[in-house]
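Heads up, final_28.pdb below (PDB, C-alpha atoms):
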ATOM      1  CA  MET A   1    -152.762  70.657-178.154  1.00  0.00           C
ATOM      2  CA  ARG A   2    -153.186  67.256-179.833  1.00  0.00           C
ATOM      3  CA  ARG A   3    -149.413  66.809-179.664  1.00  0.00           C
ATOM      4  CA  ASN A   4    -149.407  67.349-175.890  1.00  0.00           C
ATOM      5  CA  LEU A   5    -152.247  64.901-175.480  1.00  0.00           C
ATOM      6  CA  PHE A   6    -150.075  62.149-176.994  1.00  0.00           C
ATOM      7  CA  LEU A   7    -147.259  63.092-174.655  1.00  0.00           C
ATOM      8  CA  TYR A   8    -149.566  62.920-171.613  1.00  0.00           C
ATOM      9  CA  LEU A   9    -150.924  59.569-172.763  1.00  0.00           C
ATOM     10  CA  THR A  10    -147.344  58.289-173.124  1.00  0.00           C
ATOM     11  CA  LEU A  11    -146.550  59.428-169.588  1.00  0.00           C
ATOM     12  CA  ALA A  12    -149.795  57.894-168.286  1.00  0.00           C
ATOM     13  CA  CYS A  13    -148.846  54.528-169.849  1.00  0.00           C
ATOM     14  CA  PHE A  14    -145.349  54.755-168.329  1.00  0.00           C
ATOM     15  CA  PHE A  15    -146.635  55.497-164.819  1.00  0.00           C
ATOM     16  CA  GLY A  16    -149.265  52.791-165.305  1.00  0.00           C
ATOM     17  CA  LEU A  17    -146.463  50.325-166.000  1.00  0.00           C
ATOM     18  CA  ILE A  18    -144.616  51.345-162.834  1.00  0.00           C
ATOM     19  CA  ALA A  19    -147.872  51.065-160.861  1.00  0.00           C
ATOM     20  CA  ILE A  20    -148.494  47.551-162.253  1.00  0.00           C
ATOM     21  CA  PHE A  21    -145.003  46.460-161.155  1.00  0.00           C
ATOM     22  CA  VAL A  22    -145.553  47.786-157.631  1.00  0.00           C
ATOM     23  CA  VAL A  23    -149.153  46.610-157.128  1.00  0.00           C
ATOM     24  CA  ASP A  24    -148.663  43.212-158.769  1.00  0.00           C
ATOM     25  CA  GLY A  25    -145.560  42.641-156.660  1.00  0.00           C
ATOM     26  CA  TYR A  26    -147.471  43.432-153.486  1.00  0.00           C
ATOM     27  CA  LEU A  27    -150.625  41.433-154.192  1.00  0.00           C
ATOM     28  CA  GLY A  28    -150.513  37.715-153.452  1.00  0.00           C
ATOM     29  CA  VAL A  29    -149.906  35.307-150.600  1.00  0.00           C
ATOM     30  CA  TYR A  30    -146.421  35.479-149.102  1.00  0.00           C
ATOM     31  CA  ASP A  31    -144.796  33.290-146.496  1.00  0.00           C
ATOM     32  CA  THR A  32    -141.914  34.148-144.204  1.00  0.00           C
ATOM     33  CA  LEU A  33    -140.166  31.525-142.167  1.00  0.00           C
ATOM     34  CA  TYR A  34    -138.233  32.130-138.958  1.00  0.00           C
ATOM     35  CA  VAL A  35    -135.858  29.352-137.913  1.00  0.00           C
ATOM     36  CA  THR A  36    -134.349  29.637-134.455  1.00  0.00           C
ATOM     37  CA  SER A  37    -131.619  27.213-133.494  1.00  0.00           C
ATOM     38  CA  GLY A  38    -129.256  27.857-130.645  1.00  0.00           C
ATOM     39  CA  GLU A  39    -129.015  31.586-130.159  1.00  0.00           C
ATOM     40  CA  TYR A  40    -129.546  32.425-133.827  1.00  0.00           C
ATOM     41  CA  GLU A  41    -132.758  33.432-135.498  1.00  0.00           C
ATOM     42  CA  GLN A  42    -132.765  33.233-139.268  1.00  0.00           C
ATOM     43  CA  LYS A  43    -135.417  34.966-141.307  1.00  0.00           C
ATOM     44  CA  ILE A  44    -136.205  33.435-144.668  1.00  0.00           C
ATOM     45  CA  GLU A  45    -137.917  36.043-146.808  1.00  0.00           C
ATOM     46  CA  PRO A  46    -140.534  35.099-149.458  1.00  0.00           C
ATOM     47  CA  ASP A  47    -138.274  36.122-152.346  1.00  0.00           C
ATOM     48  CA  PHE A  48    -135.757  33.435-151.334  1.00  0.00           C
ATOM     49  CA  TRP A  49    -138.234  30.767-152.502  1.00  0.00           C
ATOM     50  CA  LEU A  50    -139.203  32.825-155.569  1.00  0.00           C
ATOM     51  CA  ARG A  51    -135.701  33.034-156.961  1.00  0.00           C
ATOM     52  CA  GLN A  52    -135.156  29.328-157.244  1.00  0.00           C
ATOM     53  CA  ASP A  53    -136.430  26.121-155.761  1.00  0.00           C
ATOM     54  CA  TYR A  54    -133.851  26.205-153.021  1.00  0.00           C
ATOM     55  CA  SER A  55    -133.793  24.577-149.628  1.00  0.00           C
ATOM     56  CA  TRP A  56    -132.580  26.501-146.602  1.00  0.00           C
ATOM     57  CA  SER A  57    -129.812  24.975-144.486  1.00  0.00           C
ATOM     58  CA  THR A  58    -129.202  25.417-140.809  1.00  0.00           C
ATOM     59  CA  GLY A  59    -127.260  23.643-138.079  1.00  0.00           C
ATOM     60  CA  VAL A  60    -127.983  22.782-134.470  1.00  0.00           C
ATOM     61  CA  ASN A  61    -126.108  20.978-131.706  1.00  0.00           C
ATOM     62  CA  TRP A  62    -127.542  17.705-130.491  1.00  0.00           C
ATOM     63  CA  GLY A  63    -129.809  18.200-127.501  1.00  0.00           C
ATOM     64  CA  GLU A  64    -130.967  21.628-128.602  1.00  0.00           C
ATOM     65  CA  LYS A  65    -134.292  22.473-130.149  1.00  0.00           C
ATOM     66  CA  VAL A  66    -135.194  24.121-133.438  1.00  0.00           C
ATOM     67  CA  PHE A  67    -138.074  26.532-133.287  1.00  0.00           C
ATOM     68  CA  LEU A  68    -139.970  27.207-136.503  1.00  0.00           C
ATOM     69  CA  GLN A  69    -142.333  30.091-136.966  1.00  0.00           C
ATOM     70  CA  TYR A  70    -144.170  30.190-140.286  1.00  0.00           C
ATOM     71  CA  GLU A  71    -145.918  33.428-141.122  1.00  0.00           C
ATOM     72  CA  VAL A  72    -148.377  33.676-143.993  1.00  0.00           C
ATOM     73  CA  ALA A  73    -149.371  37.145-145.196  1.00  0.00           C
ATOM     74  CA  ASN A  74    -152.480  37.455-147.325  1.00  0.00           C
ATOM     75  CA  HIS A  75    -152.130  40.506-149.563  1.00  0.00           C
ATOM     76  CA  GLN A  76    -155.358  39.857-151.443  1.00  0.00           C
ATOM     77  CA  PHE A  77    -158.836  41.346-151.495  1.00  0.00           C
ATOM     78  CA  SER A  78    -160.325  37.962-150.616  1.00  0.00           C
ATOM     79  CA  GLY A  79    -159.770  35.706-147.626  1.00  0.00           C
ATOM     80  CA  TYR A  80    -157.299  32.843-147.709  1.00  0.00           C
ATOM     81  CA  SER A  81    -157.421  29.535-145.908  1.00  0.00           C
ATOM     82  CA  ALA A  82    -155.069  26.578-146.016  1.00  0.00           C
ATOM     83  CA  ASP A  83    -153.804  23.620-144.049  1.00  0.00           C
ATOM     84  CA  ILE A  84    -150.154  23.978-143.147  1.00  0.00           C
ATOM     85  CA  GLU A  85    -148.443  20.685-142.530  1.00  0.00           C
ATOM     86  CA  ALA A  86    -144.921  20.199-141.201  1.00  0.00           C
ATOM     87  CA  SER A  87    -142.970  16.961-141.046  1.00  0.00           C
ATOM     88  CA  VAL A  88    -139.428  15.733-140.565  1.00  0.00           C
ATOM     89  CA  TRP A  89    -137.831  13.525-143.213  1.00  0.00           C
ATOM     90  CA  ARG A  90    -134.602  11.656-143.591  1.00  0.00           C
ATOM     91  CA  GLY A  91    -133.913  10.448-147.116  1.00  0.00           C
ATOM     92  CA  GLN A  92    -137.270   9.466-148.555  1.00  0.00           C
ATOM     93  CA  GLU A  93    -138.641   8.361-145.197  1.00  0.00           C
ATOM     94  CA  LYS A  94    -140.898  10.393-142.963  1.00  0.00           C
ATOM     95  CA  VAL A  95    -139.488  10.396-139.441  1.00  0.00           C
ATOM     96  CA  SER A  96    -142.140  12.368-137.615  1.00  0.00           C
ATOM     97  CA  ASP A  97    -145.140  14.605-138.093  1.00  0.00           C
ATOM     98  CA  LEU A  98    -144.825  17.955-136.447  1.00  0.00           C
ATOM     99  CA  GLY A  99    -148.505  18.640-136.911  1.00  0.00           C
ATOM    100  CA  THR A 100    -151.021  20.303-139.166  1.00  0.00           C
ATOM    101  CA  GLN A 101    -152.472  23.712-138.500  1.00  0.00           C
ATOM    102  CA  SER A 102    -155.405  25.210-140.358  1.00  0.00           C
ATOM    103  CA  VAL A 103    -155.247  28.912-140.983  1.00  0.00           C
ATOM    104  CA  SER A 104    -157.946  31.228-142.207  1.00  0.00           C
ATOM    105  CA  ILE A 105    -156.670  34.684-143.007  1.00  0.00           C
ATOM    106  CA  ASP A 106    -158.709  37.822-143.635  1.00  0.00           C
ATOM    107  CA  PRO A 107    -157.803  40.115-146.556  1.00  0.00           C
ATOM    108  CA  PHE A 108    -154.539  41.975-145.892  1.00  0.00           C
ATOM    109  CA  ALA A 109    -153.901  40.107-142.643  1.00  0.00           C
ATOM    110  CA  LYS A 110    -151.353  37.596-141.365  1.00  0.00           C
ATOM    111  CA  ALA A 111    -151.424  34.244-139.616  1.00  0.00           C
ATOM    112  CA  GLU A 112    -148.730  32.179-137.939  1.00  0.00           C
ATOM    113  CA  ALA A 113    -148.024  28.541-137.357  1.00  0.00           C
ATOM    114  CA  GLU A 114    -145.336  27.287-134.985  1.00  0.00           C
ATOM    115  CA  TRP A 115    -143.509  24.038-134.488  1.00  0.00           C
ATOM    116  CA  LEU A 116    -140.741  22.785-132.273  1.00  0.00           C
ATOM    117  CA  VAL A 117    -138.233  20.127-133.297  1.00  0.00           C
ATOM    118  CA  ASP A 118    -136.395  18.411-130.472  1.00  0.00           C
ATOM    119  CA  THR A 119    -133.117  16.960-131.732  1.00  0.00           C
ATOM    120  CA  ALA A 120    -132.936  14.624-128.743  1.00  0.00           C
ATOM    121  CA  GLU A 121    -136.207  13.050-129.868  1.00  0.00           C
ATOM    122  CA  LEU A 122    -134.934  12.576-133.419  1.00  0.00           C
ATOM    123  CA  LEU A 123    -131.628  11.088-132.231  1.00  0.00           C
ATOM    124  CA  PRO A 124    -132.103   9.637-128.741  1.00  0.00           C
ATOM    125  CA  ASN A 125    -128.377   8.947-128.281  1.00  0.00           C
ATOM    126  CA  PRO A 126    -125.666  11.585-128.692  1.00  0.00           C
ATOM    127  CA  PRO A 127    -124.331  11.178-132.234  1.00  0.00           C
ATOM    128  CA  GLU A 128    -120.652  10.866-133.042  1.00  0.00           C
ATOM    129  CA  GLN A 129    -121.101  12.456-136.442  1.00  0.00           C
ATOM    130  CA  SER A 130    -123.328  15.034-138.034  1.00  0.00           C
ATOM    131  CA  TYR A 131    -126.786  13.947-139.220  1.00  0.00           C
ATOM    132  CA  GLN A 132    -129.007  15.778-141.653  1.00  0.00           C
ATOM    133  CA  TYR A 133    -132.783  15.898-141.542  1.00  0.00           C
ATOM    134  CA  SER A 134    -135.245  17.737-143.770  1.00  0.00           C
ATOM    135  CA  ILE A 135    -138.124  19.681-142.340  1.00  0.00           C
ATOM    136  CA  ILE A 136    -140.805  20.014-144.989  1.00  0.00           C
ATOM    137  CA  ILE A 137    -143.578  22.555-144.618  1.00  0.00           C
ATOM    138  CA  LYS A 138    -146.494  22.100-146.997  1.00  0.00           C
ATOM    139  CA  ARG A 139    -149.139  24.715-147.667  1.00  0.00           C
ATOM    140  CA  GLY A 140    -151.409  23.438-150.400  1.00  0.00           C
ATOM    141  CA  GLU A 141    -149.148  22.751-153.351  1.00  0.00           C
ATOM    142  CA  ILE A 142    -146.368  24.930-151.993  1.00  0.00           C
ATOM    143  CA  GLU A 143    -143.518  23.136-150.263  1.00  0.00           C
ATOM    144  CA  ARG A 144    -140.699  24.667-148.225  1.00  0.00           C
ATOM    145  CA  LYS A 145    -137.699  22.586-147.281  1.00  0.00           C
ATOM    146  CA  ILE A 146    -135.265  23.266-144.472  1.00  0.00           C
ATOM    147  CA  ILE A 147    -132.250  21.021-144.047  1.00  0.00           C
ATOM    148  CA  VAL A 148    -131.151  20.746-140.444  1.00  0.00           C
ATOM    149  CA  SER A 149    -127.706  19.389-139.620  1.00  0.00           C
ATOM    150  CA  ILE A 150    -127.577  17.924-136.132  1.00  0.00           C
ATOM    151  CA  ASN A 151    -124.025  18.234-134.939  1.00  0.00           C
ATOM    152  CA  PRO A 152    -122.401  16.146-132.218  1.00  0.00           C
ATOM    153  CA  ILE A 153    -121.543  17.955-129.015  1.00  0.00           C
ATOM    154  CA  SER A 154    -117.846  18.632-128.763  1.00  0.00           C
ATOM    155  CA  TYR A 155    -116.949  18.560-125.115  1.00  0.00           C
ATOM    156  CA  PRO A 156    -113.406  19.373-124.045  1.00  0.00           C
ATOM    157  CA  PRO A 157    -111.464  16.130-123.484  1.00  0.00           C
ATOM    158  CA  LYS A 158    -111.738  14.831-119.961  1.00  0.00           C
ATOM    159  CA  PRO A 159    -108.462  14.778-118.022  1.00  0.00           C
ATOM    160  CA  GLU A 160    -107.113  11.294-117.533  1.00  0.00           C
ATOM    161  CA  ILE A 161    -107.302  10.051-113.992  1.00  0.00           C
ATOM    162  CA  VAL A 162    -103.971   8.635-112.955  1.00  0.00           C
ATOM    163  CA  PRO A 163    -104.428   5.798-110.464  1.00  0.00           C
ATOM    164  CA  PRO A 164    -102.486   6.308-107.224  1.00  0.00           C
ATOM    165  CA  ARG A 165     -99.353   4.165-106.887  1.00  0.00           C
TER     166      ARG A 165
ATOM    167  CA  MET B   1    -116.967  65.760-182.492  1.00  0.00           C
ATOM    168  CA  LYS B   2    -117.941  62.527-184.200  1.00  0.00           C
ATOM    169  CA  ILE B   3    -116.417  60.399-181.452  1.00  0.00           C
ATOM    170  CA  GLU B   4    -118.634  62.189-178.911  1.00  0.00           C
ATOM    171  CA  TYR B   5    -121.771  61.184-180.770  1.00  0.00           C
ATOM    172  CA  ILE B   6    -120.539  57.611-180.966  1.00  0.00           C
ATOM    173  CA  LEU B   7    -119.968  57.638-177.198  1.00  0.00           C
ATOM    174  CA  PHE B   8    -123.413  59.192-176.596  1.00  0.00           C
ATOM    175  CA  GLY B   9    -124.962  56.511-178.756  1.00  0.00           C
ATOM    176  CA  PHE B  10    -123.049  53.819-176.896  1.00  0.00           C
ATOM    177  CA  GLY B  11    -124.190  55.241-173.540  1.00  0.00           C
ATOM    178  CA  ILE B  12    -127.822  55.375-174.652  1.00  0.00           C
ATOM    179  CA  LEU B  13    -127.612  51.769-175.875  1.00  0.00           C
ATOM    180  CA  LEU B  14    -126.188  50.658-172.527  1.00  0.00           C
ATOM    181  CA  CYS B  15    -128.984  52.506-170.677  1.00  0.00           C
ATOM    182  CA  LEU B  16    -131.643  50.878-172.834  1.00  0.00           C
ATOM    183  CA  ALA B  17    -130.040  47.450-172.360  1.00  0.00           C
ATOM    184  CA  GLY B  18    -129.984  47.982-168.575  1.00  0.00           C
ATOM    185  CA  ILE B  19    -133.624  49.077-168.477  1.00  0.00           C
ATOM    186  CA  GLY B  20    -134.564  46.136-170.685  1.00  0.00           C
ATOM    187  CA  TYR B  21    -132.746  43.709-168.401  1.00  0.00           C
ATOM    188  CA  LEU B  22    -134.370  45.115-165.245  1.00  0.00           C
ATOM    189  CA  ALA B  23    -137.804  45.043-166.882  1.00  0.00           C
ATOM    190  CA  ALA B  24    -137.271  41.411-167.936  1.00  0.00           C
ATOM    191  CA  GLU B  25    -136.300  40.512-164.345  1.00  0.00           C
ATOM    192  CA  TYR B  26    -139.418  42.216-163.002  1.00  0.00           C
ATOM    193  CA  VAL B  27    -141.697  40.629-165.571  1.00  0.00           C
ATOM    194  CA  LYS B  28    -140.583  37.160-164.417  1.00  0.00           C
ATOM    195  CA  TYR B  29    -142.384  37.637-161.102  1.00  0.00           C
ATOM    196  CA  LEU B  30    -145.536  39.271-162.464  1.00  0.00           C
ATOM    197  CA  SER B  31    -148.837  37.419-162.537  1.00  0.00           C
ATOM    198  CA  GLU B  32    -150.338  36.497-165.912  1.00  0.00           C
ATOM    199  CA  ALA B  33    -152.854  39.347-165.692  1.00  0.00           C
ATOM    200  CA  GLY B  34    -150.061  41.738-164.733  1.00  0.00           C
ATOM    201  CA  LYS B  35    -148.008  40.621-167.737  1.00  0.00           C
ATOM    202  CA  LEU B  36    -150.937  41.210-170.099  1.00  0.00           C
ATOM    203  CA  VAL B  37    -151.683  44.696-168.728  1.00  0.00           C
ATOM    204  CA  SER B  38    -147.962  45.557-168.826  1.00  0.00           C
ATOM    205  CA  LEU B  39    -147.784  44.478-172.463  1.00  0.00           C
ATOM    206  CA  LEU B  40    -150.801  46.601-173.387  1.00  0.00           C
ATOM    207  CA  LEU B  41    -149.383  49.609-171.544  1.00  0.00           C
ATOM    208  CA  THR B  42    -145.992  49.162-173.244  1.00  0.00           C
ATOM    209  CA  VAL B  43    -147.623  48.990-176.675  1.00  0.00           C
ATOM    210  CA  GLY B  44    -149.700  52.050-175.808  1.00  0.00           C
ATOM    211  CA  MET B  45    -146.664  53.934-174.513  1.00  0.00           C
ATOM    212  CA  PHE B  46    -144.603  53.387-177.653  1.00  0.00           C
ATOM    213  CA  GLY B  47    -147.636  53.995-179.871  1.00  0.00           C
ATOM    214  CA  PHE B  48    -148.418  57.358-178.256  1.00  0.00           C
ATOM    215  CA  LEU B  49    -144.725  58.299-178.235  1.00  0.00           C
ATOM    216  CA  GLY B  50    -144.609  57.564-181.964  1.00  0.00           C
ATOM    217  CA  LYS B  51    -147.683  59.710-182.561  1.00  0.00           C
ATOM    218  CA  TYR B  52    -146.119  62.511-180.500  1.00  0.00           C
ATOM    219  CA  PHE B  53    -142.974  62.512-182.659  1.00  0.00           C
ATOM    220  CA  GLU B  54    -145.120  62.278-185.780  1.00  0.00           C
ATOM    221  CA  GLU B  55    -146.939  65.431-184.679  1.00  0.00           C
ATOM    222  CA  LEU B  56    -143.578  67.108-184.092  1.00  0.00           C
ATOM    223  CA  GLY B  57    -142.780  66.466-187.723  1.00  0.00           C
ATOM    224  CA  TRP B  58    -140.091  63.777-187.334  1.00  0.00           C
TER     225      TRP B  58
END

Output the file's structure as structure tokens, nothing else.
Amino acid sequence: MRRNLFLYLTLACFFGLIAIFVVDGYLGVYDTLYVTSGEYEQKIEPDFWLRQDYSWSTGVNWGEKVFLQYEVANHQFSGYSADIEASVWRGQEKVSDLGTQSVSIDPFAKAEAEWLVDTAELLPNPPEQSYQYSIIIKRGEIERKIIVSINPISYPPKPEIVPPR
Amino acid sequence: MKIEYILFGFGILLCLAGIGYLAAEYVKYLSEAGKLVSLLLTVGMFGFLGKYFEELGW
């Protein structure tokens, strides 16, 4: 009887451990970023930023727009509020502010913030080479970085006009 | 016969190493409170398992 009790307690501790892994992994504030450039939508899952302090890279043709959708999921028993700020940088210099949005999220709810980056505004003239810009999204102390390569448009070569003789 | 036991032992060691590695990977992403509770549960689990084997007469 006493022997079985120890076995049950061992099993209870084991299942408790599994439960901690599942519940602790679920609880918290998680952000998912959707980057749409051209016809492609890329989904950047929260675990991408957890693994390492990476930056996400994407490319867009000059003249097109990059649409950013930032989703914050509050998996906590209390509410969550934050200011989400997005800006475009080149090198160490801020090029433009995309705007700041305040979000207040109820427990176990989601909120979204959206921004649009117009490449023609960043580079008014069509570039002859590729340019890279960083889009930095700040939520409190958390920073997400997306590197956008603006590619020149490659038109087919125009046929030469031969002057009439 | 002996070689079989050596292979069993090797297999069990590999299993334990794999479980240990996975647990270490999981623990990295746990909160501080989660780590503490996990540690207590692990200590409890091995403690009760030890008592169970003790009762068995090992």

May I have a table of the residues of chain A lying at most 9 Å from chain B, giving each one's closest pair of atoms and their distance in Å to one decimal, counting all atoms listed in the file, ordered by chain and ascending residue number, as a tab-separated table?
residue	atom	partner	partner_atom	distance
A:Arg2	CA	B:Glu55	CA	8.1
A:Arg3	CA	B:Tyr52	CA	5.5
A:Asn4	CA	B:Tyr52	CA	7.4
A:Leu5	CA	B:Tyr52	CA	8.3
A:Phe6	CA	B:Phe48	CA	5.2
A:Leu7	CA	B:Tyr52	CA	6.0
A:Tyr8	CA	B:Phe48	CA	8.7
A:Leu9	CA	B:Phe48	CA	6.4
A:Thr10	CA	B:Met45	CA	4.6
A:Leu11	CA	B:Met45	CA	7.4
A:Ala12	CA	B:Met45	CA	8.0
A:Cys13	CA	B:Met45	CA	5.2
A:Phe14	CA	B:Met45	CA	6.4
A:Gly16	CA	B:Leu41	CA	7.0
A:Leu17	CA	B:Ser38	CA	5.7
A:Ile18	CA	B:Ser38	CA	9.0
A:Ile20	CA	B:Gly34	CA	6.5
A:Phe21	CA	B:Tyr26	CA	7.3
A:Asp24	CA	B:Leu30	CA	6.2
A:Gly25	CA	B:Leu30	CA	6.7
A:Leu50	CA	B:Tyr29	CA	8.0

Generate the output file for the selected residues, C-alpha atoms, as a tab-separated table (two decimals), keeping the file's coordinate frame.
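Full text of selection_26.tsv as output:
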chain	number	residue	atom	x	y	z
A	2	ARG	CA	-153.19	67.26	-179.83
A	3	ARG	CA	-149.41	66.81	-179.66
A	4	ASN	CA	-149.41	67.35	-175.89
A	5	LEU	CA	-152.25	64.90	-175.48
A	6	PHE	CA	-150.07	62.15	-176.99
A	7	LEU	CA	-147.26	63.09	-174.66
A	8	TYR	CA	-149.57	62.92	-171.61
A	9	LEU	CA	-150.92	59.57	-172.76
A	10	THR	CA	-147.34	58.29	-173.12
A	11	LEU	CA	-146.55	59.43	-169.59
A	12	ALA	CA	-149.79	57.89	-168.29
A	13	CYS	CA	-148.85	54.53	-169.85
A	14	PHE	CA	-145.35	54.76	-168.33
A	16	GLY	CA	-149.26	52.79	-165.30
A	17	LEU	CA	-146.46	50.32	-166.00
A	18	ILE	CA	-144.62	51.34	-162.83
A	20	ILE	CA	-148.49	47.55	-162.25
A	21	PHE	CA	-145.00	46.46	-161.16
A	24	ASP	CA	-148.66	43.21	-158.77
A	25	GLY	CA	-145.56	42.64	-156.66
A	50	LEU	CA	-139.20	32.83	-155.57

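Interatomic distance, atom CA of A:Trp89 to atom CA of A:Ile135: 6.2 Å.
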
* **Output of the PyMOL selection byres ((chain A and resi 127) around 12), listed as a PyMOL selection string** => chain A and resi 61-63+119-120+122-126+128-132+149-154

* Written as a ChimeraX atom specification, what is the full residue list that the PyMOL selection byres ((chain A and resi 69-80) around 10) yields on the file shown? -> /A:25-36,43-44,46,66-68,81-82,84,103-116,137,139

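Straight-line separation from atom CA of A:Ser57 to atom CA of A:Lys138: 17.1 Å.
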
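Taking atom CA of A:Glu85 as the reference point, atom CA of A:Glu141 is found at 11.0 Å.
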
Residues selected by the PyMOL selection byres ((chain A and resi 100) around 8), written as a JSON list (two decimals) with C-alpha atoms, keeping the file's coordinate frame:
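Written output follows (expr_14.json):
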[["chain", "number", "residue", "atom", "x", "y", "z"],
["A", 83, "ASP", "CA", -153.80, 23.62, -144.05],
["A", 84, "ILE", "CA", -150.15, 23.98, -143.15],
["A", 85, "GLU", "CA", -148.44, 20.68, -142.53],
["A", 86, "ALA", "CA", -144.92, 20.20, -141.20],
["A", 98, "LEU", "CA", -144.82, 17.95, -136.45],
["A", 99, "GLY", "CA", -148.50, 18.64, -136.91],
["A", 101, "GLN", "CA", -152.47, 23.71, -138.50],
["A", 102, "SER", "CA", -155.40, 25.21, -140.36]]
